[in-house]
file final_17.txt (compact mmCIF, C-alpha atoms (C1' of nucleotides))
# COMPACT_ATOMS: atom_id res chain seq x y z
CA MET A 1 0.00 0.00 0.00
CA ALA A 2 1.27 3.38 -0.82
CA LEU A 3 2.16 5.66 2.04
CA PRO A 4 1.02 8.80 0.21
CA SER A 5 -2.55 7.99 -0.73
CA THR A 6 -4.19 5.42 1.47
CA TYR A 7 -7.60 3.85 1.65
CA ALA A 8 -8.98 7.19 2.75
CA ASP A 9 -12.35 6.21 4.24
CA PRO A 10 -12.13 7.87 7.67
CA ASN A 11 -15.06 5.92 9.04
CA CYS A 12 -13.80 2.45 8.42
CA SER A 13 -11.55 0.86 10.98
CA LEU A 14 -10.97 -2.02 8.61
CA ALA A 15 -9.38 0.35 6.13
CA ARG A 16 -7.29 1.83 8.94
CA ALA A 17 -6.17 -1.60 10.10
CA LEU A 18 -5.30 -2.66 6.58
CA GLU A 19 -3.09 0.38 6.15
CA ILE A 20 -0.93 -1.08 8.90
CA VAL A 21 -1.04 -4.82 8.38
CA GLY A 22 -2.57 -5.07 4.91
CA GLU A 23 0.62 -4.95 2.95
CA ARG A 24 2.13 -8.05 1.48
CA TRP A 25 4.10 -10.02 4.10
CA SER A 26 3.07 -7.87 7.07
CA LEU A 27 0.67 -10.34 8.64
CA LEU A 28 3.01 -13.25 7.99
CA ILE A 29 5.74 -11.41 9.82
CA VAL A 30 3.33 -10.89 12.70
CA ARG A 31 2.43 -14.59 12.62
CA ASP A 32 6.09 -15.54 12.87
CA ALA A 33 6.46 -13.13 15.74
CA PHE A 34 3.63 -14.98 17.52
CA TYR A 35 5.53 -18.19 16.87
CA GLY A 36 8.53 -16.77 18.67
CA VAL A 37 10.68 -15.56 15.80
CA ARG A 38 12.58 -12.44 16.78
CA ARG A 39 15.70 -12.15 14.64
CA PHE A 40 16.00 -10.48 11.25
CA GLY A 41 17.75 -13.45 9.71
CA ASP A 42 15.20 -15.92 11.05
CA PHE A 43 12.30 -13.97 9.57
CA ALA A 44 14.13 -13.85 6.26
CA THR A 45 14.87 -17.55 5.94
CA GLN A 46 11.60 -18.65 7.50
CA LEU A 47 9.39 -16.58 5.19
CA GLY A 48 11.57 -16.57 2.10
CA ILE A 49 11.02 -12.82 1.87
CA PRO A 50 13.61 -10.60 0.18
CA ARG A 51 15.72 -8.87 2.76
CA ALA A 52 14.92 -5.45 1.39
CA SER A 53 11.18 -6.09 1.70
CA LEU A 54 11.62 -7.53 5.15
CA ASN A 55 13.55 -4.50 6.29
CA SER A 56 10.90 -2.15 4.96
CA ARG A 57 8.09 -4.11 6.62
CA LEU A 58 9.84 -4.38 9.95
CA LYS A 59 10.50 -0.68 9.86
CA SER A 60 6.87 0.21 9.25
CA LEU A 61 5.60 -2.29 11.82
CA VAL A 62 7.97 -0.78 14.38
CA GLU A 63 6.86 2.73 13.44
CA GLU A 64 3.25 1.74 13.94
CA GLY A 65 4.00 0.20 17.30
CA VAL A 66 3.11 -3.35 16.35
CA LEU A 67 6.66 -4.56 16.89
CA ALA A 68 9.39 -3.24 19.16
CA ARG A 69 13.00 -3.23 18.05
CA GLU A 70 15.24 -4.01 20.97
CA THR A 71 18.84 -4.90 21.62
CA ASP A 72 19.16 -7.87 23.91
CA ALA A 73 21.83 -8.59 26.52
CA GLY A 74 24.22 -10.04 23.97
CA GLY A 75 23.90 -7.00 21.71
CA ALA A 76 21.74 -8.82 19.17
CA ILE A 77 18.71 -7.08 17.72
CA GLU A 78 15.30 -8.52 18.48
CA TYR A 79 11.88 -7.68 17.09
CA GLN A 80 9.11 -8.42 19.55
CA LEU A 81 5.37 -7.98 19.49
CA THR A 82 4.06 -5.10 21.55
CA ASP A 83 0.68 -5.26 23.30
CA LYS A 84 -0.76 -3.64 20.21
CA GLY A 85 0.79 -6.38 18.12
CA VAL A 86 -0.48 -9.12 20.41
CA ALA A 87 -3.95 -7.61 20.04
CA LEU A 88 -3.85 -8.73 16.43
CA TRP A 89 -4.13 -12.34 17.53
CA PRO A 90 -7.91 -12.65 17.04
CA ALA A 91 -7.55 -11.41 13.48
CA VAL A 92 -4.68 -13.78 12.75
CA ARG A 93 -6.59 -16.66 14.31
CA ALA A 94 -9.74 -15.87 12.33
CA LEU A 95 -7.87 -15.82 9.04
CA MET A 96 -6.05 -19.03 9.89
CA ALA A 97 -9.36 -20.66 10.75
CA TRP A 98 -10.85 -19.57 7.43
CA GLY A 99 -7.87 -20.96 5.54
CA ASP A 100 -8.13 -24.21 7.46
CA GLU A 101 -11.83 -24.49 6.75
CA PHE A 102 -11.62 -24.02 3.00
CA TYR A 103 -8.14 -25.12 2.04
CA SER A 104 -7.14 -27.87 4.44
CA PRO A 105 -9.45 -30.86 3.89
CA ASN A 106 -7.83 -32.97 6.62
CA GLY A 107 -8.36 -30.42 9.36
CA ALA A 108 -6.41 -27.57 10.86
CA LYS A 109 -2.74 -27.35 9.97
CA ARG A 110 -1.96 -26.06 13.42
CA ALA A 111 -3.86 -27.09 16.52
CA LEU A 112 -4.36 -24.61 19.34
CA ARG A 113 -4.66 -25.73 22.93
CA HIS A 114 -4.77 -24.21 26.36
CA ASP A 115 -1.28 -24.83 27.71
CA GLN A 116 -2.54 -25.07 31.30
CA ASP A 117 -5.12 -27.82 30.92
CA GLY A 118 -4.63 -29.11 27.39
CA GLY A 119 -8.15 -28.19 26.27
CA PRO A 120 -8.58 -27.46 22.55
CA LEU A 121 -9.55 -23.90 21.59
CA ASP A 122 -12.76 -23.23 19.68
CA ALA A 123 -13.26 -20.72 16.89
CA GLY A 124 -13.68 -17.95 19.44
CA GLY A 125 -10.40 -18.72 21.18
CA ARG A 126 -12.19 -20.30 24.13
CA CYS A 127 -10.83 -23.37 25.90
CA ALA A 128 -13.17 -26.36 25.71
CA THR A 129 -12.02 -27.58 29.11
CA CYS A 130 -12.06 -24.51 31.30
CA GLY A 131 -14.34 -22.33 29.17
CA ALA A 132 -12.24 -19.20 29.43
CA VAL A 133 -10.88 -17.08 26.61
CA ILE A 134 -7.20 -17.93 26.73
CA PRO A 135 -4.59 -15.15 26.77
CA VAL A 136 -2.00 -15.43 24.04
CA PRO A 137 1.01 -16.50 26.16
CA GLU A 138 -0.98 -19.50 27.45
CA ILE A 139 -1.84 -20.77 24.00
CA GLN A 140 0.04 -23.83 22.85
CA ILE A 141 0.43 -24.42 19.13
CA ALA A 142 1.24 -27.80 17.61
CA PRO A 143 1.00 -29.50 14.22
CA GLY A 144 -2.65 -30.41 13.64
CA PRO A 145 -4.37 -33.15 11.63
CA GLY A 146 -3.97 -31.24 8.38
CA PHE A 147 -0.25 -30.74 8.86
CA GLU A 148 1.79 -32.07 5.99
CA ALA A 149 5.25 -33.08 7.07
CA SER A 150 7.71 -32.51 4.26
CA GLY A 151 10.54 -34.71 5.33
CA PRO A 152 12.82 -33.71 8.17
CA ALA A 153 12.94 -29.99 8.72
CA LYS A 154 15.30 -28.15 6.45
CA ASP A 155 16.53 -25.47 8.78
CA PRO A 156 16.76 -25.57 12.56
CA VAL A 157 14.31 -22.72 13.00
CA SER A 158 11.37 -24.42 11.27
CA ALA A 159 12.27 -27.63 13.04
CA VAL A 160 11.68 -25.84 16.32
CA LEU A 161 8.54 -24.16 14.97
CA ASN A 162 6.96 -27.49 14.07
CA THR A 163 7.24 -28.68 17.62
CA PRO A 164 4.47 -28.08 20.18
CA ARG A 165 5.22 -24.83 21.96
CA ARG A 166 3.63 -21.79 23.49
CA LEU A 167 3.03 -18.63 21.49
CA LEU A 168 5.46 -15.76 22.02
CA GLN A 169 8.02 -18.14 23.50
CA PRO A 170 11.36 -17.01 22.02
CA ILE A 171 13.14 -19.48 19.80
CA MET B 1 0.42 -10.62 -4.67
CA ALA B 2 1.77 -12.34 -7.64
CA LEU B 3 -0.18 -15.25 -9.04
CA PRO B 4 2.94 -17.16 -10.09
CA SER B 5 4.96 -17.39 -6.92
CA THR B 6 2.89 -17.21 -3.79
CA TYR B 7 3.63 -17.35 -0.11
CA ALA B 8 4.57 -20.99 -0.55
CA ASP B 9 4.46 -22.28 3.03
CA PRO B 10 2.14 -25.28 2.62
CA ASN B 11 1.58 -25.63 6.34
CA CYS B 12 0.23 -22.19 7.04
CA SER B 13 -3.43 -21.51 6.52
CA LEU B 14 -2.80 -17.85 7.14
CA ALA B 15 -0.55 -17.74 4.09
CA ARG B 16 -3.20 -19.59 2.12
CA ALA B 17 -5.92 -17.19 3.24
CA LEU B 18 -3.79 -14.19 2.41
CA GLU B 19 -3.27 -15.45 -1.10
CA ILE B 20 -7.00 -15.02 -1.57
CA VAL B 21 -7.91 -11.94 0.42
CA GLY B 22 -4.49 -10.47 1.16
CA GLU B 23 -4.19 -8.35 -1.94
CA ARG B 24 -4.76 -4.65 -1.80
CA TRP B 25 -8.50 -3.82 -1.85
CA SER B 26 -9.73 -7.40 -1.57
CA LEU B 27 -10.90 -7.27 2.02
CA LEU B 28 -12.44 -3.84 1.54
CA ILE B 29 -14.45 -5.19 -1.35
CA VAL B 30 -15.60 -8.02 0.90
CA ARG B 31 -16.50 -5.52 3.60
CA ASP B 32 -18.63 -3.54 1.18
CA ALA B 33 -20.28 -6.77 0.13
CA PHE B 34 -21.20 -7.38 3.78
CA TYR B 35 -22.67 -3.90 3.82
CA GLY B 36 -24.92 -4.82 0.93
CA VAL B 37 -23.04 -3.38 -2.02
CA ARG B 38 -23.52 -5.56 -5.08
CA ARG B 39 -22.97 -3.48 -8.19
CA PHE B 40 -19.71 -2.81 -9.99
CA GLY B 41 -20.27 0.91 -10.08
CA ASP B 42 -21.18 1.10 -6.41
CA PHE B 43 -18.01 -0.67 -5.37
CA ALA B 44 -16.03 1.69 -7.57
CA THR B 45 -17.44 4.95 -6.23
CA GLN B 46 -17.71 3.71 -2.67
CA LEU B 47 -14.10 2.57 -2.42
CA GLY B 48 -12.48 5.02 -4.82
CA ILE B 49 -10.69 2.10 -6.41
CA PRO B 50 -9.57 2.27 -10.05
CA ARG B 51 -12.01 0.39 -12.23
CA ALA B 52 -9.28 -1.79 -13.69
CA SER B 53 -8.16 -2.87 -10.24
CA LEU B 54 -11.73 -3.44 -9.15
CA ASN B 55 -12.37 -5.63 -12.13
CA SER B 56 -9.27 -7.70 -11.50
CA ARG B 57 -10.13 -8.15 -7.81
CA LEU B 58 -13.73 -9.06 -8.46
CA LYS B 59 -12.59 -11.59 -11.02
CA SER B 60 -10.19 -13.28 -8.64
CA LEU B 61 -12.67 -13.24 -5.75
CA VAL B 62 -15.26 -14.86 -8.00
CA GLU B 63 -12.72 -17.44 -9.17
CA GLU B 64 -11.93 -18.28 -5.57
CA GLY B 65 -15.59 -18.65 -4.72
CA VAL B 66 -15.72 -15.76 -2.26
CA LEU B 67 -18.14 -13.81 -4.42
CA ALA B 68 -20.70 -15.00 -6.94
CA ARG B 69 -21.35 -13.04 -10.11
CA GLU B 70 -25.00 -13.19 -10.97
CA THR B 71 -27.44 -11.52 -13.31
CA ASP B 72 -30.57 -10.42 -11.52
CA ALA B 73 -34.13 -10.32 -12.78
CA GLY B 74 -33.66 -6.95 -14.46
CA GLY B 75 -30.53 -8.13 -16.29
CA ALA B 76 -28.17 -6.19 -14.02
CA ILE B 77 -24.99 -7.84 -12.79
CA GLU B 78 -24.65 -8.43 -9.08
CA TYR B 79 -21.71 -9.60 -6.98
CA GLN B 80 -22.82 -11.39 -3.86
CA LEU B 81 -20.98 -13.10 -1.04
CA THR B 82 -21.07 -16.88 -1.13
CA ASP B 83 -21.10 -18.94 2.07
CA LYS B 84 -17.34 -19.05 1.80
CA GLY B 85 -17.32 -15.27 1.59
CA VAL B 86 -19.65 -14.89 4.55
CA ALA B 87 -17.28 -17.13 6.52
CA LEU B 88 -14.77 -14.30 6.35
CA TRP B 89 -16.91 -12.27 8.74
CA PRO B 90 -14.99 -13.17 11.92
CA ALA B 91 -11.75 -12.08 10.28
CA VAL B 92 -13.27 -8.82 9.05
CA ARG B 93 -14.79 -8.17 12.46
CA ALA B 94 -11.51 -8.89 14.25
CA LEU B 95 -9.58 -6.46 12.07
CA MET B 96 -12.27 -3.80 12.45
CA ALA B 97 -12.16 -4.26 16.21
CA TRP B 98 -8.38 -3.87 16.20
CA GLY B 99 -8.63 -0.70 14.15
CA ASP B 100 -11.30 0.65 16.47
CA GLU B 101 -9.22 -0.13 19.54
CA PHE B 102 -6.05 1.60 18.40
CA TYR B 103 -7.16 4.25 15.93
CA SER B 104 -10.58 5.40 17.06
CA PRO B 105 -10.26 7.11 20.45
CA ASN B 106 -13.97 7.84 20.76
CA GLY B 107 -15.06 4.23 20.36
CA ALA B 108 -16.09 1.99 17.51
CA LYS B 109 -16.85 3.66 14.22
CA ARG B 110 -19.55 1.12 13.53
CA ALA B 111 -21.66 -0.46 16.24
CA LEU B 112 -22.86 -4.04 15.86
CA ARG B 113 -26.09 -5.23 17.39
CA HIS B 114 -28.30 -8.27 17.30
CA ASP B 115 -31.13 -7.23 15.02
CA GLN B 116 -33.64 -9.46 16.84
CA ASP B 117 -33.24 -8.14 20.37
CA GLY B 118 -31.02 -5.08 20.01
CA GLY B 119 -28.24 -6.47 22.19
CA PRO B 120 -24.73 -5.20 21.48
CA LEU B 121 -22.19 -7.71 20.17
CA ASP B 122 -19.01 -8.40 22.10
CA ALA B 123 -15.56 -8.99 20.64
CA GLY B 124 -16.44 -12.61 19.96
CA GLY B 125 -19.58 -11.74 18.02
CA ARG B 126 -21.82 -12.80 20.89
CA CYS B 127 -25.02 -10.93 21.74
CA ALA B 128 -24.95 -9.44 25.23
CA THR B 129 -28.70 -9.91 25.58
CA CYS B 130 -29.34 -13.44 24.36
CA GLY B 131 -25.78 -14.78 24.67
CA ALA B 132 -25.74 -16.49 21.30
CA VAL B 133 -23.22 -16.07 18.52
CA ILE B 134 -25.21 -14.12 15.98
CA PRO B 135 -25.35 -15.27 12.36
CA VAL B 136 -24.33 -12.64 9.85
CA PRO B 137 -27.75 -11.83 8.37
CA GLU B 138 -29.09 -11.00 11.85
CA ILE B 139 -26.34 -8.51 12.60
CA GLN B 140 -27.32 -4.87 12.48
CA ILE B 141 -24.67 -2.29 11.78
CA ALA B 142 -25.03 1.40 12.63
CA PRO B 143 -22.76 4.41 13.10
CA GLY B 144 -21.04 4.06 16.48
CA PRO B 145 -19.67 6.59 18.99
CA GLY B 146 -16.45 7.01 17.01
CA PHE B 147 -18.25 7.76 13.78
CA GLU B 148 -17.27 11.09 12.27
CA ALA B 149 -20.04 12.54 10.18
CA SER B 150 -18.58 14.54 7.31
CA GLY B 151 -21.52 16.68 6.41
CA PRO B 152 -24.45 15.27 4.50
CA ALA B 153 -23.56 12.18 2.51
CA LYS B 154 -21.99 12.88 -0.84
CA ASP B 155 -23.43 10.04 -2.82
CA PRO B 156 -26.71 8.19 -2.23
CA VAL B 157 -24.95 4.87 -1.68
CA SER B 158 -22.89 5.99 1.31
CA ALA B 159 -25.95 7.81 2.63
CA VAL B 160 -27.71 4.48 2.79
CA LEU B 161 -24.64 2.75 4.21
CA ASN B 162 -24.45 5.19 7.13
CA THR B 163 -27.95 4.30 8.18
CA PRO B 164 -28.63 1.44 10.62
CA ARG B 165 -29.22 -1.71 8.59
CA ARG B 166 -28.65 -5.42 8.56
CA LEU B 167 -25.57 -6.96 6.98
CA LEU B 168 -25.98 -8.51 3.53
CA GLN B 169 -29.17 -6.55 2.99
CA PRO B 170 -28.99 -5.37 -0.63
CA ILE B 171 -28.82 -1.64 -1.19
C1' DC C 1 46.77 -5.80 14.76
C1' DA C 2 45.04 -8.60 10.74
C1' DC C 3 41.74 -11.74 9.78
C1' DC C 4 37.25 -14.05 9.93
C1' DG C 5 32.39 -15.50 10.20
C1' DG C 6 27.89 -14.05 11.62
C1' DT C 7 24.36 -10.67 11.35
C1' DG C 8 21.63 -6.58 10.29
C1' DG C 9 21.09 -3.77 6.67
C1' DT C 10 21.66 -1.26 1.89
C1' DT C 11 21.99 -0.73 -3.16
C1' DC C 12 20.39 -1.38 -7.63
C1' DA C 13 18.58 -2.87 -12.00
C1' DG C 14 14.76 -5.75 -13.73
C1' DT C 15 10.17 -7.10 -13.47
C1' DG C 16 5.46 -6.98 -12.39
C1' DA C 17 1.42 -4.68 -10.29
C1' DT C 18 -1.36 -0.38 -9.50
C1' DT C 19 -3.14 3.86 -11.01
C1' DG C 20 -6.06 7.29 -13.45
C1' DA C 21 -8.07 8.71 -17.29
C1' DA C 22 -9.97 7.88 -21.55
C1' DC C 23 -12.44 4.79 -24.37
C1' DC C 24 -15.76 0.76 -25.81
C1' DG C 25 -20.21 -1.57 -26.55
C1' DG C 26 -24.67 -3.22 -25.34
C1' DA C 27 -29.17 -2.21 -23.38
C1' DA C 28 -32.88 0.79 -22.03
C1' DC C 29 -35.20 5.05 -22.90
C1' DG C 30 -37.31 8.88 -25.28
C1' DC D 1 -31.95 7.93 -34.07
C1' DG D 2 -29.55 10.21 -30.08
C1' DT D 3 -28.62 9.88 -25.15
C1' DT D 4 -27.62 7.87 -20.86
C1' DC D 5 -26.33 4.26 -17.88
C1' DC D 6 -23.29 0.69 -16.80
C1' DG D 7 -19.98 -3.08 -16.80
C1' DG D 8 -15.77 -3.51 -18.62
C1' DT D 9 -11.20 -2.60 -21.35
C1' DT D 10 -7.02 -0.18 -22.90
C1' DC D 11 -2.86 2.13 -22.16
C1' DA D 12 1.07 4.83 -20.63
C1' DA D 13 3.14 6.24 -16.37
C1' DT D 14 4.23 5.26 -11.92
C1' DC D 15 5.17 2.57 -8.00
C1' DA D 16 6.35 -1.57 -5.38
C1' DC D 17 8.49 -5.97 -5.09
C1' DT D 18 12.16 -9.12 -6.18
C1' DG D 19 16.74 -11.21 -6.08
C1' DA D 20 21.33 -10.95 -5.86
C1' DA D 21 25.30 -8.68 -4.67
C1' DC D 22 27.44 -5.68 -1.61
C1' DC D 23 28.51 -3.08 2.92
C1' DA D 24 29.37 -2.15 7.90
C1' DC D 25 29.70 -3.53 12.38
C1' DC D 26 30.85 -6.75 16.05
C1' DG D 27 33.11 -10.25 18.76
C1' DG D 28 36.37 -13.61 18.62
C1' DT D 29 41.00 -15.72 17.31
C1' DG D 30 45.89 -16.14 16.09
call {"tool": "encode", "arguments": {"input": "final_17.txt", "output": "structure tokens"}}
result
Amino acid sequence: MALPSTYADPNCSLARALEIVGERWSLLIVRDAFYGVRRFGDFATQLGIPRASLNSRLKSLVEEGVLARETDAGGAIEYQLTDKGVALWPAVRALMAWGDEFYSPNGAKRALRHDQDGGPLDAGGRCATCGAVIPVPEIQIAPGPGFEASGPAKDPVSAVLNTPRRLLQPI
Amino acid sequence: MALPSTYADPNCSLARALEIVGERWSLLIVRDAFYGVRRFGDFATQLGIPRASLNSRLKSLVEEGVLARETDAGGAIEYQLTDKGVALWPAVRALMAWGDEFYSPNGAKRALRHDQDGGPLDAGGRCATCGAVIPVPEIQIAPGPGFEASGPAKDPVSAVLNTPRRLLQPI
DNA sequence: CACCGGTGGTTCAGTGATTGAACCGGAACG
DNA sequence: CGTTCCGGTTCAATCACTGAACCACCGGTG
């Protein structure tokens, strides 16, 4: 989306939201951030996105306050979801659910569970066991019935990502 | 998004979903379809989208089965949401809610209610009065507290759209 | 200090998509 | 007939994305 002329409609929050996360790659970067990816190089290899595009997207996501760019103890740069970024989870989940429903005949590619009690999450993000809406850090993600294993993982990062783990847990 | 090389990741339903509705304008077209817009010209003036782009998007959405292109009794062409298109509602609602939360300080720009009993809908699409998850055709949409009236409506279509009405109800 | 690998980031030409404005053609109307 | 409405197309100009090579910094190591 062009920065100069945007979607314009001042009374549509969807248009506003899409100005931020509607560009190519943006939501996939956010998804990876939910999965625990934090490093520039990991985003690049994981998504297969050109480094120039990745840099531009990270920059705009940081500007908009969806991601925070931080230097960790070892001096390495880390991109982490802010609260505003984490608030995108329902949208990400809804789109994933739609993709699962219409393009994954064998069931969800990723199964979501409540990490505390193991209950599966319904379409609304509610745990079937305890009935509560589960906060993001307590959500466990694992390969689901529709997952298609493509041989042993190519790179170490996706190997880790295809293992059951909690959202936001750093790699 | 390019048709040739896509997001690739075969195990991510988000990537799959974004291949369909992730292109510029696509989700806004779907939103307008929820609002009841059905005609080519109405989409064009309502969204301010170039007609060539609109045509290309409508074509791909029809190909993907999100919209259906039909000729009505009077011979006019109408684009309507299919069941698959209507299934995008939770994603659209989630993104609208995110936009409202972070970019509309005075509250939601559009208020959602259960048409049957007038109960407001929560973030999960549940009616506060009857407690049920409300099906799309029973959802009423109206200007909310964050709505910014910009003088009398310019064109008759947006005039109608800024009036309380049910989703999917043709203009 | 010279060298080295890892990592975040930049540059740049080539390609493809988006834009806006003008144009096309059929159908309904007078 | 001439006009208007409407879905759709054409086209040049612009803009964004891509891929591959390159750069700069940093912390070791010899």
call {"tool": "closest_atom_pairs", "arguments": {"input": "final_17.txt", "of": "chain B", "to": "chain A", "cutoff": "9 Å", "atoms": "only C-alpha atoms", "output": "Markdown table"}}
result
| residue | atom | partner | partner_atom | distance |
| --- | --- | --- | --- | --- |
| B:Met1 | CA | A:Arg24 | CA | 6.9 |
| B:Tyr7 | CA | A:Leu47 | CA | 7.9 |
| B:Ala8 | CA | A:Gly48 | CA | 8.7 |
| B:Asp9 | CA | A:Leu47 | CA | 7.8 |
| B:Pro10 | CA | A:Glu148 | CA | 7.6 |
| B:Asn11 | CA | A:Lys109 | CA | 5.9 |
| B:Cys12 | CA | A:Lys109 | CA | 6.6 |
| B:Ser13 | CA | A:Gly99 | CA | 4.6 |
| B:Leu14 | CA | A:Met96 | CA | 4.4 |
| B:Ala15 | CA | A:Leu28 | CA | 6.9 |
| B:Arg16 | CA | A:Gly99 | CA | 5.9 |
| B:Ala17 | CA | A:Gly99 | CA | 4.8 |
| B:Leu18 | CA | A:Leu95 | CA | 8.0 |
| B:Gly22 | CA | A:Gly22 | CA | 6.8 |
| B:Glu23 | CA | A:Arg24 | CA | 7.2 |
| B:Arg24 | CA | A:Met1 | CA | 6.9 |
| B:Trp25 | CA | A:Tyr7 | CA | 8.5 |
| B:Leu27 | CA | A:Leu14 | CA | 8.4 |
| B:Leu28 | CA | A:Ala15 | CA | 6.9 |
| B:Arg31 | CA | A:Leu14 | CA | 8.2 |
| B:Leu47 | CA | A:Tyr7 | CA | 7.8 |
| B:Gly48 | CA | A:Tyr7 | CA | 8.2 |
| B:Ile49 | CA | A:Tyr7 | CA | 8.8 |
| B:Lys84 | CA | A:Phe102 | CA | 7.7 |
| B:Ala87 | CA | A:Trp98 | CA | 6.9 |
| B:Leu88 | CA | A:Trp98 | CA | 6.7 |
| B:Trp89 | CA | A:Ala94 | CA | 8.8 |
| B:Pro90 | CA | A:Ala94 | CA | 5.9 |
| B:Ala91 | CA | A:Ala94 | CA | 4.8 |
| B:Val92 | CA | A:Leu14 | CA | 7.2 |
| B:Arg93 | CA | A:Ala91 | CA | 8.0 |
| B:Ala94 | CA | A:Ala91 | CA | 4.8 |
| B:Leu95 | CA | A:Ala91 | CA | 5.5 |
| B:Met96 | CA | A:Leu14 | CA | 4.4 |
| B:Ala97 | CA | A:Ser13 | CA | 7.3 |
| B:Trp98 | CA | A:Leu88 | CA | 6.6 |
| B:Gly99 | CA | A:Ser13 | CA | 4.6 |
| B:Asp100 | CA | A:Ser13 | CA | 5.5 |
| B:Glu101 | CA | A:Ser13 | CA | 8.9 |
| B:Phe102 | CA | A:Lys84 | CA | 7.7 |
| B:Tyr103 | CA | A:Arg16 | CA | 7.4 |
| B:Ser104 | CA | A:Ser13 | CA | 7.6 |
| B:Ala108 | CA | A:Ser13 | CA | 8.0 |
| B:Lys109 | CA | A:Asn11 | CA | 5.9 |
| B:Arg110 | CA | A:Cys12 | CA | 7.8 |
| B:Gly124 | CA | A:Gly124 | CA | 6.0 |
| B:Gly125 | CA | A:Gly124 | CA | 8.7 |
| B:Pro143 | CA | A:Asn11 | CA | 8.8 |
| B:Gly146 | CA | A:Asn11 | CA | 8.2 |
| B:Phe147 | CA | A:Asn11 | CA | 6.0 |
| B:Glu148 | CA | A:Asn11 | CA | 6.5 |
| B:Ala149 | CA | A:Asn11 | CA | 8.4 |
call {"tool": "write_last_selection", "arguments": {"input": "final_17.txt", "atoms": "C-alpha atoms", "output": "mmCIF file, in the coordinates of the input"}}
result
data_model
loop_
_atom_site.group_PDB
_atom_site.id
_atom_site.type_symbol
_atom_site.label_atom_id
_atom_site.label_comp_id
_atom_site.auth_asym_id
_atom_site.auth_seq_id
_atom_site.Cartn_x
_atom_site.Cartn_y
_atom_site.Cartn_z
ATOM 1 C CA MET B 1 0.420 -10.620 -4.670
ATOM 2 C CA TYR B 7 3.630 -17.350 -0.110
ATOM 3 C CA ALA B 8 4.570 -20.990 -0.550
ATOM 4 C CA ASP B 9 4.460 -22.280 3.030
ATOM 5 C CA PRO B 10 2.140 -25.280 2.620
ATOM 6 C CA ASN B 11 1.580 -25.630 6.340
ATOM 7 C CA CYS B 12 0.230 -22.190 7.040
ATOM 8 C CA SER B 13 -3.430 -21.510 6.520
ATOM 9 C CA LEU B 14 -2.800 -17.850 7.140
ATOM 10 C CA ALA B 15 -0.550 -17.740 4.090
ATOM 11 C CA ARG B 16 -3.200 -19.590 2.120
ATOM 12 C CA ALA B 17 -5.920 -17.190 3.240
ATOM 13 C CA LEU B 18 -3.790 -14.190 2.410
ATOM 14 C CA GLY B 22 -4.490 -10.470 1.160
ATOM 15 C CA GLU B 23 -4.190 -8.350 -1.940
ATOM 16 C CA ARG B 24 -4.760 -4.650 -1.800
ATOM 17 C CA TRP B 25 -8.500 -3.820 -1.850
ATOM 18 C CA LEU B 27 -10.900 -7.270 2.020
ATOM 19 C CA LEU B 28 -12.440 -3.840 1.540
ATOM 20 C CA ARG B 31 -16.500 -5.520 3.600
ATOM 21 C CA LEU B 47 -14.100 2.570 -2.420
ATOM 22 C CA GLY B 48 -12.480 5.020 -4.820
ATOM 23 C CA ILE B 49 -10.690 2.100 -6.410
ATOM 24 C CA LYS B 84 -17.340 -19.050 1.800
ATOM 25 C CA ALA B 87 -17.280 -17.130 6.520
ATOM 26 C CA LEU B 88 -14.770 -14.300 6.350
ATOM 27 C CA TRP B 89 -16.910 -12.270 8.740
ATOM 28 C CA PRO B 90 -14.990 -13.170 11.920
ATOM 29 C CA ALA B 91 -11.750 -12.080 10.280
ATOM 30 C CA VAL B 92 -13.270 -8.820 9.050
ATOM 31 C CA ARG B 93 -14.790 -8.170 12.460
ATOM 32 C CA ALA B 94 -11.510 -8.890 14.250
ATOM 33 C CA LEU B 95 -9.580 -6.460 12.070
ATOM 34 C CA MET B 96 -12.270 -3.800 12.450
ATOM 35 C CA ALA B 97 -12.160 -4.260 16.210
ATOM 36 C CA TRP B 98 -8.380 -3.870 16.200
ATOM 37 C CA GLY B 99 -8.630 -0.700 14.150
ATOM 38 C CA ASP B 100 -11.300 0.650 16.470
ATOM 39 C CA GLU B 101 -9.220 -0.130 19.540
ATOM 40 C CA PHE B 102 -6.050 1.600 18.400
ATOM 41 C CA TYR B 103 -7.160 4.250 15.930
ATOM 42 C CA SER B 104 -10.580 5.400 17.060
ATOM 43 C CA ALA B 108 -16.090 1.990 17.510
ATOM 44 C CA LYS B 109 -16.850 3.660 14.220
ATOM 45 C CA ARG B 110 -19.550 1.120 13.530
ATOM 46 C CA GLY B 124 -16.440 -12.610 19.960
ATOM 47 C CA GLY B 125 -19.580 -11.740 18.020
ATOM 48 C CA PRO B 143 -22.760 4.410 13.100
ATOM 49 C CA GLY B 146 -16.450 7.010 17.010
ATOM 50 C CA PHE B 147 -18.250 7.760 13.780
ATOM 51 C CA GLU B 148 -17.270 11.090 12.270
ATOM 52 C CA ALA B 149 -20.040 12.540 10.180
#
call {"tool": "interface_residues", "arguments": {"input": "final_17.txt", "of": "chain B", "to": "chain D", "cutoff": "10 Å", "atoms": "all atoms listed in the file", "output": "list of chain:residue names"}}
result
B:Met1, B:Ala2, B:Arg39, B:Phe40, B:Gly41, B:Arg51, B:Ala52, B:Asn55, B:Ala76, B:Ile77
call {"tool": "closest_residue", "arguments": {"input": "final_17.txt", "among": "B:Gly74, B:Gly65, B:Gly119, B:Gly36", "to": "chain C", "atoms": "only C-alpha atoms (C1' of nucleotides)"}}
result
B:Gly74
call {"tool": "interface_residues", "arguments": {"input": "final_17.txt", "of": "chain C", "to": "chain B", "cutoff": "9 Å", "atoms": "all atoms listed in the file", "output": "PDB file with C-alpha atoms (C1' of nucleotides), keeping the file's coordinate frame"}}
result
ATOM      1  C1'  DG C  16       5.460  -6.980 -12.390  1.00  0.00           C
ATOM      2  C1'  DA C  17       1.420  -4.680 -10.290  1.00  0.00           C
ATOM      3  C1'  DT C  18      -1.360  -0.380  -9.500  1.00  0.00           C
ATOM      4  C1'  DT C  19      -3.140   3.860 -11.010  1.00  0.00           C
ATOM      5  C1'  DG C  20      -6.060   7.290 -13.450  1.00  0.00           C
TER       6       DG C  20
END
